[in-house]
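*Asks:* Got upload.cif for you, mmCIF, C-alpha atoms:
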data_target
#
loop_
_atom_site.label_atom_id
_atom_site.label_comp_id
_atom_site.auth_asym_id
_atom_site.auth_seq_id
_atom_site.Cartn_x
_atom_site.Cartn_y
_atom_site.Cartn_z
CA MET A 25 110.59 138.22 68.17
CA GLU A 26 111.69 138.48 71.76
CA LEU A 27 109.20 139.56 74.38
CA ALA A 28 111.26 142.57 75.49
CA SER A 29 111.54 144.04 72.00
CA ALA A 30 107.85 143.37 71.35
CA GLN A 31 107.05 145.25 74.57
CA VAL A 32 109.10 148.28 73.52
CA ILE A 33 107.47 148.36 70.07
CA GLY A 34 104.01 147.99 71.60
CA ALA A 35 104.65 150.80 74.09
CA GLY A 36 105.83 153.03 71.26
CA LEU A 37 102.69 152.28 69.27
CA ALA A 38 100.52 153.01 72.30
CA ALA A 39 102.27 156.35 72.72
CA ILE A 40 100.85 157.51 69.34
CA GLY A 41 97.60 158.13 71.23
CA VAL A 42 99.31 160.84 73.27
CA GLY A 43 99.98 162.77 70.07
CA ALA A 44 96.34 162.39 69.05
CA ALA A 45 95.29 163.83 72.41
CA ALA A 46 97.68 166.74 71.83
CA ALA A 47 95.81 167.51 68.60
CA GLY A 48 92.53 167.26 70.51
CA VAL A 49 93.61 169.61 73.31
CA GLY A 50 95.04 172.05 70.77
CA ASN A 51 91.74 171.98 68.93
CA VAL A 52 89.81 172.72 72.13
CA PHE A 53 91.92 175.75 73.04
CA GLY A 54 92.24 176.94 69.43
CA SER A 55 88.50 176.85 68.87
CA PHE A 56 87.93 178.63 72.17
CA LEU A 57 90.35 181.36 71.18
CA GLN A 58 88.68 181.76 67.80
CA GLY A 59 85.30 182.19 69.42
CA ALA A 60 86.66 184.35 72.24
CA LEU A 61 88.32 186.82 69.86
CA ARG A 62 85.07 187.26 67.95
CA ASN A 63 83.04 187.90 71.09
CA PRO A 64 85.39 188.74 73.96
CA ALA A 65 82.53 189.86 76.19
CA ALA A 66 81.05 186.37 76.34
CA ALA A 67 84.38 184.57 76.68
CA GLY A 68 84.80 184.98 80.44
CA GLY A 69 81.72 182.96 81.32
CA GLN A 70 82.77 180.02 79.20
CA THR A 71 86.06 179.09 80.88
CA GLY A 72 84.33 176.33 82.84
CA THR A 73 83.06 174.76 79.63
CA LEU A 74 86.55 175.18 78.16
CA TYR A 75 88.16 173.19 80.95
CA ILE A 76 85.53 170.46 80.79
CA GLY A 77 86.34 170.03 77.10
CA PHE A 78 90.04 170.13 77.89
CA ALA A 79 89.63 167.44 80.58
CA ALA A 80 87.64 165.16 78.27
CA ALA A 81 90.18 165.48 75.44
CA GLU A 82 93.18 165.10 77.71
CA LEU A 83 91.88 162.02 79.50
CA LEU A 84 92.23 159.85 76.39
CA GLY A 85 95.85 160.88 75.95
CA LEU A 86 96.55 160.12 79.59
CA MET A 87 94.96 156.71 79.14
CA ALA A 88 97.19 156.08 76.12
CA PHE A 89 100.18 156.89 78.34
CA ALA A 90 98.90 154.53 81.04
CA VAL A 91 98.50 151.74 78.47
CA ALA A 92 102.03 152.38 77.19
CA MET A 93 103.42 152.16 80.73
CA ILE A 94 101.47 148.97 81.46
CA ILE A 95 102.80 147.35 78.28
CA LEU A 96 106.36 148.55 78.92
CA TYR A 97 106.58 147.39 82.53
CA ALA A 98 104.43 144.25 82.34
CA THR A 99 106.46 141.26 83.45
CA MET B 14 114.14 147.25 78.91
CA ALA B 15 115.12 150.34 80.83
CA GLU B 16 118.60 149.11 81.66
CA ALA B 17 120.02 150.43 78.38
CA GLY B 18 120.70 153.99 79.61
CA LYS B 19 120.63 153.04 83.30
CA ILE B 20 117.60 155.30 83.66
CA ASN B 21 114.92 154.01 85.97
CA PRO B 22 112.15 156.63 86.07
CA MET B 23 109.96 154.35 88.19
CA SER B 24 112.18 154.38 91.28
CA GLN B 25 110.87 157.81 92.31
CA PHE B 26 107.38 156.37 92.83
CA GLU B 27 108.45 153.63 95.21
CA ILE B 28 106.87 153.74 98.63
CA THR B 29 109.51 152.96 101.24
CA PRO B 30 108.91 152.46 104.95
CA ILE B 31 110.34 155.02 107.34
CA GLY B 32 111.53 153.72 110.70
CA ALA B 33 111.08 150.16 111.88
CA ASP B 34 109.27 147.74 109.57
CA GLN B 35 106.09 146.95 111.48
CA LEU B 36 104.16 145.27 108.69
CA ALA B 37 104.61 141.84 110.23
CA ALA B 38 102.93 142.89 113.49
CA THR B 39 100.37 145.52 112.42
CA PRO B 40 98.80 146.64 109.12
CA PHE B 41 100.04 150.18 109.79
CA GLN B 42 103.36 151.46 108.53
CA PHE B 43 104.74 154.98 108.39
CA THR B 44 106.01 155.48 104.83
CA ASN B 45 107.48 158.33 102.80
CA SER B 46 104.01 158.80 101.26
CA ALA B 47 102.53 159.31 104.74
CA LEU B 48 105.37 161.69 105.62
CA TRP B 49 104.76 163.86 102.57
CA MET B 50 101.03 163.80 103.16
CA LEU B 51 101.74 165.20 106.63
CA ILE B 52 104.03 167.86 105.16
CA VAL B 53 101.29 168.86 102.69
CA LEU B 54 98.79 168.98 105.55
CA VAL B 55 101.05 171.17 107.70
CA THR B 56 101.66 173.51 104.75
CA ILE B 57 97.92 173.88 104.15
CA ILE B 58 97.25 174.49 107.86
CA ILE B 59 99.95 177.15 108.11
CA PHE B 60 98.74 178.83 104.91
CA MET B 61 95.08 178.89 105.97
CA TRP B 62 95.84 179.78 109.59
CA GLY B 63 98.01 182.73 108.64
CA GLY B 64 95.30 184.09 106.38
CA THR B 65 92.25 183.74 108.64
CA ARG B 66 93.14 186.16 111.43
CA ARG B 67 90.20 188.41 110.45
CA GLN B 68 92.09 191.64 110.07
CA LEU B 69 89.89 194.58 109.13
CA VAL B 70 92.24 195.57 106.34
CA PRO B 71 93.42 192.35 104.68
CA GLY B 72 97.15 192.03 104.26
CA ARG B 73 98.79 190.20 101.36
CA TRP B 74 98.52 186.81 103.04
CA GLN B 75 94.84 187.16 103.85
CA ALA B 76 94.15 188.47 100.35
CA ALA B 77 95.79 185.33 98.90
CA VAL B 78 93.69 183.02 101.08
CA GLU B 79 90.52 184.96 100.30
CA MET B 80 91.26 184.81 96.58
CA LEU B 81 91.69 181.05 96.75
CA THR B 82 88.55 180.38 98.77
CA GLY B 83 86.60 182.84 96.63
CA PHE B 84 87.81 181.05 93.51
CA VAL B 85 86.56 177.66 94.70
CA ASP B 86 83.36 179.22 96.06
CA ASN B 87 82.80 180.59 92.57
CA ILE B 88 83.17 177.10 91.05
CA THR B 89 80.48 175.64 93.31
CA ARG B 90 78.15 178.64 92.95
CA GLU B 91 78.37 178.68 89.14
CA ASN B 92 77.92 174.95 88.72
CA ILE B 93 75.57 173.91 91.51
CA GLY B 94 73.71 177.13 92.23
CA LYS B 95 72.52 178.47 95.55
CA GLN B 96 72.72 175.08 97.27
CA GLY B 97 76.37 174.79 96.30
CA ARG B 98 77.60 176.28 99.57
CA LYS B 99 76.91 173.01 101.39
CA TYR B 100 79.40 171.16 99.22
CA LEU B 101 82.11 173.83 99.36
CA PRO B 102 84.05 172.13 102.24
CA TRP B 103 84.72 168.95 100.27
CA VAL B 104 85.37 170.69 96.94
CA PHE B 105 87.81 173.09 98.60
CA THR B 106 89.52 170.28 100.53
CA ALA B 107 90.04 168.24 97.36
CA PHE B 108 91.20 171.30 95.42
CA ILE B 109 93.78 172.52 97.91
CA PHE B 110 95.07 169.03 98.74
CA ILE B 111 95.69 168.17 95.09
CA LEU B 112 97.13 171.62 94.38
CA VAL B 113 99.58 171.66 97.29
CA SER B 114 100.71 168.06 96.87
CA ASN B 115 101.22 168.58 93.12
CA TRP B 116 103.35 171.64 93.78
CA MET B 117 105.19 170.04 96.71
CA GLY B 118 106.30 167.20 94.44
CA ALA B 119 107.69 169.67 91.90
CA MET B 120 109.75 171.60 94.46
CA PRO B 121 113.53 171.08 94.26
CA PHE B 122 113.96 169.67 97.76
CA ALA B 123 116.40 167.12 96.37
CA VAL B 124 119.23 169.69 96.49
CA VAL B 125 119.46 168.72 100.16
CA PRO B 126 121.29 165.37 100.12
CA GLY B 127 119.04 162.53 101.21
CA ALA B 128 115.81 164.51 100.91
CA HIS B 129 113.58 163.31 98.13
CA PRO B 130 110.23 164.94 97.45
CA PHE B 131 107.45 162.44 97.00
CA THR B 132 104.39 163.47 95.03
CA VAL B 133 101.46 162.14 97.03
CA THR B 134 99.08 162.42 94.08
CA SER B 135 101.30 160.25 91.86
CA GLN B 136 99.73 157.20 93.51
CA PHE B 137 96.35 156.01 92.24
CA THR B 138 95.42 154.88 95.75
CA VAL B 139 95.32 158.52 96.91
CA THR B 140 93.48 160.09 93.97
CA GLY B 141 91.26 157.02 93.64
CA VAL B 142 90.08 157.31 97.24
CA MET B 143 89.43 161.02 96.69
CA SER B 144 87.25 160.28 93.67
CA ILE B 145 85.44 157.55 95.67
CA ILE B 146 84.64 160.17 98.34
CA SER B 147 83.34 162.49 95.62
CA PHE B 148 81.09 159.76 94.30
CA ALA B 149 79.91 158.73 97.75
CA ILE B 150 78.72 162.35 98.10
CA VAL B 151 77.06 162.27 94.65
CA LEU B 152 75.22 158.99 95.31
CA GLY B 153 74.33 159.91 98.89
CA VAL B 154 72.94 163.33 97.97
CA GLY B 155 71.16 161.94 94.91
CA PHE B 156 69.35 159.12 96.70
CA TRP B 157 68.74 161.22 99.83
CA THR B 158 67.03 164.11 98.07
CA HIS B 159 65.38 162.37 95.11
CA GLY B 160 64.94 158.78 96.22
CA LEU B 161 64.47 156.38 93.32
CA LYS B 162 63.75 159.33 91.02
CA PHE B 163 67.52 159.71 90.96
CA PHE B 164 67.57 157.06 88.23
CA SER B 165 65.91 159.57 85.88
CA LEU B 166 69.45 160.99 85.63
CA PHE B 167 70.10 158.34 83.01
CA VAL B 168 67.20 159.47 80.80
CA PRO B 169 67.58 163.03 79.52
CA HIS B 170 64.37 165.03 79.65
CA GLY B 171 62.19 164.91 76.53
CA THR B 172 63.92 162.05 74.75
CA PRO B 173 61.70 160.15 72.27
CA LEU B 174 60.97 156.55 73.30
CA PRO B 175 63.06 154.74 70.67
CA LEU B 176 66.08 156.82 71.65
CA LYS B 177 65.48 156.27 75.37
CA VAL B 178 66.26 152.57 74.97
CA LEU B 179 69.54 153.50 73.34
CA ILE B 180 70.57 156.46 75.50
CA ALA B 181 69.85 155.04 78.96
CA PRO B 182 72.56 152.33 78.82
CA ILE B 183 75.07 154.78 77.35
CA GLU B 184 74.39 157.31 80.12
CA PHE B 185 74.60 154.53 82.69
CA ILE B 186 78.00 153.37 81.46
CA SER B 187 79.22 156.97 81.25
CA PHE B 188 78.12 157.43 84.88
CA LEU B 189 79.97 154.28 85.95
CA VAL B 190 83.20 155.38 84.25
CA ARG B 191 83.19 158.82 85.94
CA PRO B 192 84.74 157.91 89.30
CA PHE B 193 87.47 155.98 87.52
CA SER B 194 88.33 158.79 85.11
CA LEU B 195 88.08 161.42 87.86
CA GLY B 196 90.73 159.69 89.95
CA LEU B 197 92.85 158.63 86.99
CA ARG B 198 93.30 162.18 85.63
CA PRO B 199 95.38 163.83 88.40
CA PHE B 200 97.30 160.59 88.99
CA ILE B 201 98.43 160.12 85.36
CA ALA B 202 99.18 163.82 84.84
CA MET B 203 101.58 163.81 87.81
CA PHE B 204 102.97 160.40 86.95
CA ALA B 205 103.72 161.29 83.32
CA GLY B 206 105.22 164.66 84.22
CA HIS B 207 107.59 163.15 86.77
CA VAL B 208 108.69 160.37 84.43
CA LEU B 209 109.50 163.04 81.82
CA LEU B 210 111.42 165.15 84.35
CA ASP B 211 113.37 162.12 85.55
CA VAL B 212 114.33 161.02 82.04
CA PHE B 213 115.52 164.46 80.96
CA GLY B 214 117.21 165.10 84.28
CA ASN B 215 119.21 161.93 83.64
CA PHE B 216 120.15 163.27 80.20
CA VAL B 217 121.66 166.33 81.88
CA VAL B 218 123.72 164.27 84.32
CA GLN B 219 124.87 161.73 81.74
CA GLY B 220 125.60 164.39 79.12
CA PHE B 221 127.81 166.41 81.47
CA SER B 222 129.60 163.36 82.83
CA ALA B 223 130.25 162.06 79.31
CA GLY B 224 131.98 165.36 78.46
CA GLY B 225 133.05 166.48 75.00
CA ALA B 226 131.22 168.93 72.75
CA ALA B 227 128.33 166.52 72.11
CA GLY B 228 127.97 165.63 75.79
CA TYR B 229 127.87 169.25 76.99
CA GLY B 230 125.57 170.22 74.10
CA VAL B 231 123.04 167.52 74.90
CA GLY B 232 123.30 168.23 78.62
CA LEU B 233 122.73 171.96 78.19
CA LEU B 234 119.80 171.41 75.82
CA ALA B 235 118.22 168.93 78.23
CA PHE B 236 118.78 171.37 81.12
CA VAL B 237 116.89 174.16 79.35
CA PHE B 238 114.17 171.65 78.46
CA VAL B 239 113.87 170.51 82.10
CA ILE B 240 113.35 174.12 83.22
CA PHE B 241 110.47 174.57 80.79
CA VAL B 242 108.94 171.19 81.63
CA ASN B 243 109.12 172.12 85.32
CA ALA B 244 107.24 175.34 84.61
CA LEU B 245 104.70 173.34 82.62
CA GLU B 246 104.44 170.92 85.53
CA LEU B 247 103.41 173.74 87.89
CA LEU B 248 100.74 174.81 85.37
CA VAL B 249 99.49 171.23 84.93
CA GLY B 250 99.36 170.74 88.70
CA ALA B 251 97.13 173.80 89.08
CA ILE B 252 94.93 172.84 86.11
CA GLN B 253 94.43 169.28 87.37
CA ALA B 254 93.41 170.53 90.82
CA PHE B 255 90.98 172.97 89.16
CA VAL B 256 89.58 170.25 86.87
CA PHE B 257 89.06 167.88 89.81
CA ALA B 258 87.15 170.58 91.72
CA LEU B 259 85.18 171.57 88.62
CA LEU B 260 84.15 168.03 87.73
CA THR B 261 83.25 167.21 91.35
CA ALA B 262 81.00 170.28 91.38
CA LEU B 263 79.45 169.24 88.05
CA TYR B 264 78.73 165.70 89.21
CA ILE B 265 77.23 166.98 92.48
CA ASN B 266 75.10 169.36 90.39
CA ASP B 267 73.74 166.32 88.50
CA ALA B 268 72.74 164.75 91.80
CA VAL B 269 71.26 167.93 93.31
CA ASN B 270 69.31 169.24 90.35
CA LEU B 271 68.98 166.16 88.09
CA HIS B 272 68.44 167.33 84.53
#
For this file, produce the structure as C-alpha cells.

*Replies:*
Amino acid sequence: MELASAQVIGAGLAAIGVGAAAAGVGNVFGSFLQGALRNPAAAGGQTGTLYIGFAAAELLGLMAFAVAMIILYAT
Amino acid sequence: MAEAGKINPMSQFEITPIGADQLAATPFQFTNSALWMLIVLVTIIIFMWGGTRRQLVPGRWQAAVEMLTGFVDNITRENIGKQGRKYLPWVFTAFIFILVSNWMGAMPFAVVPGAHPFTVTSQFTVTGVMSIISFAIVLGVGFWTHGLKFFSLFVPHGTPLPLKVLIAPIEFISFLVRPFSLGLRPFIAMFAGHVLLDVFGNFVVQGFSAGGAAGYGVGLLAFVFVIFVNALELLVGAIQAFVFALLTALYINDAVNLH
C-alpha cells in the first residue's frame, strides 16, 4: 500500500474518535437536562459542573482530531 | 493528499511576515499574527474604555461591560471563594482575549479584497503560553502560601493507605497533563472549526463554478451549512473562552485551598 493512501485511511480511522466524543458530549448535556427538568430550582447552580464535564468529554474528541491531522499531514 | 479537490484548508493558518523580512538580522518580525493580536487588543481597549466612564445611570455600553466583568467575577467567586478577587485580573484577561480573538477570526473581513482575518488562538504557541501563565500562577500561589504542604494536593484527604500508593501517581500525572490540555482545548476548537469552514466554503465556490443542477444544488446546500457552522463557531468561541476561565479558576482554587 502506498504511504499516501495509508495516511488517508489512518486519518479516517482516527476521526472515529470525534464521533465518540460527540456521544460523550451529548450524554453530558442530556443527563444535565434530565436532572434539571426534575429539579429546575437546583439546576442554575450546577452550570459550572456541567461545563467541566463538557470540557473533559470534548477534549478527547479534540485530541482525536489532532491525531487525525498529524497523521494526514505528516511528511 | 489534499490536491485532489484543490482544497488546502491549512493555508489559512500560515504565519506570513508583514513588511521587510528582518529575521536574518533580528529575532523579531512583525507578522499577520502580531497584527491581528494588535487588532484584538485595540478592540478590547475601545470596548472597555467606552464602558468605564462611570456614569451614574449606566447606558447600554456600560451595562454590557459590567455584565461581562460581573460574569467573570462570578466565576472566580464561586470557584475560589472570597480570595478569588486577587486572581480576577488574569482570569478576566484570559477570558476576554480568547473570546475577542475567537470572534475576530470568525468575522467576514475577507469580503474586502486582500484582507484576511487571522485567528490568533488557532496557534498553539499563543494558547500554550496562556496556559503556561495560568500554571505559573497555580504553582507560584501554591508554593508561596503552603510551602511543601502543597504536595498534599496529590493525596486526597482521608484516603486509606493502600489506595494512597495508587492514587498519588495518578493525581500527579493528571496534574502534569493539565497545562497541556488547558492550552490544547481552545487551539483545537478554533483550528477544527476553521478547517471545516474552509472546506465547505470551497464546496460553495466549486459547486457554483461547476454549474448545472448538481453544482448549484451542492453549492446552495453547502452555503446553508456554512451559515449554521459559522453560528456554531461563535457559540464554540464563547464556550471555549468560558471553559478556559472556569478551569483556570478551578486550578487556582486547588492551589489556594488545597483539598

*Asks:* Starting from the shown file, work through the PyMOL selection byres ((chain A) within 10 of (chain B)) and note down what comes out as a PyMOL selection string.

*Replies:* chain A and resi 28-29+31-32+69+72-73+75-76+78-80+82-87+89-90+93+96-97

*Asks:* Taking all atoms of range 53-71 of chain A that the file lists, what box with edges along x, y and z, padded by 3 Å per side, do you get, with centre and edge lengths in Å to one decimal, as lines of an AutoDock Vina configuration file?

*Replies:*
center_x = 86.6
center_y = 182.8
center_z = 74.6
size_x = 17.2
size_y = 20.1
size_z = 19.5

*Asks:* Just want the 9 Å neighbourhood of range 53-60 of chain A, counted on all atoms listed in the file, with same-chain residues fewer than 4 positions away dropped. Output as a list in words.

*Replies:*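 The neighbour list is Gly48, Val49, Pro64, Ala65, Ala66, Ala67, Gly68, Gln70, Thr71, Leu74, Gly77 and Phe78 of chain A.
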
*Asks:* Can you tell me, as a compact mmCIF listing (two decimals) with C-alpha atoms, in the frame of the given file, what residues are no more than 9 Å from Val133 in chain B when counting all atoms listed in the file, ignoring any on the same chain fewer than 2 positions away?

*Replies:*
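Output below, filename out30.txt:
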# COMPACT_ATOMS: atom_id res chain seq x y z
CA SER B 46 104.01 158.80 101.26
CA ALA B 47 102.53 159.31 104.74
CA TRP B 49 104.76 163.86 102.57
CA MET B 50 101.03 163.80 103.16
CA VAL B 53 101.29 168.86 102.69
CA ILE B 111 95.69 168.17 95.09
CA SER B 114 100.71 168.06 96.87
CA ASN B 115 101.22 168.58 93.12
CA MET B 117 105.19 170.04 96.71
CA GLY B 118 106.30 167.20 94.44
CA PHE B 131 107.45 162.44 97.00
CA SER B 135 101.30 160.25 91.86
CA GLN B 136 99.73 157.20 93.51
CA VAL B 139 95.32 158.52 96.91
CA THR B 140 93.48 160.09 93.97

*Asks:* Please provide the set of residues having any atom within 12 Å of Leu37 in chain A, restricted to all atoms listed in the file, with same-chain residues fewer than 2 positions apart removed, written as a ChimeraX atom specification.

*Replies:* /A:30-35,39-44,88-89,91-93,95-96

*Asks:* Could you tell me how far CA of Phe163 in chain B sits from CA of Gln96 in chain B, in Å to one decimal place?

*Replies:*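 Atom-to-atom, CA of Gln96 in chain B to CA of Phe163 in chain B, that is 17.4 Å.
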
*Asks:* So how many Å separate CA of Leu209 in chain B and CA of Ile20 in chain B, to one decimal?

*Replies:* 11.4 Å

*Asks:* Quick one: everything within 9 Å of Val85 in chain B, counting only C-alpha atoms, minus sequence neighbours fewer than 3 positions away in the same chain. Send it as an MDAnalysis selection string.

*Replies:* chainID B and resid 80:82 88:90 101 104:105 108 255 258:259
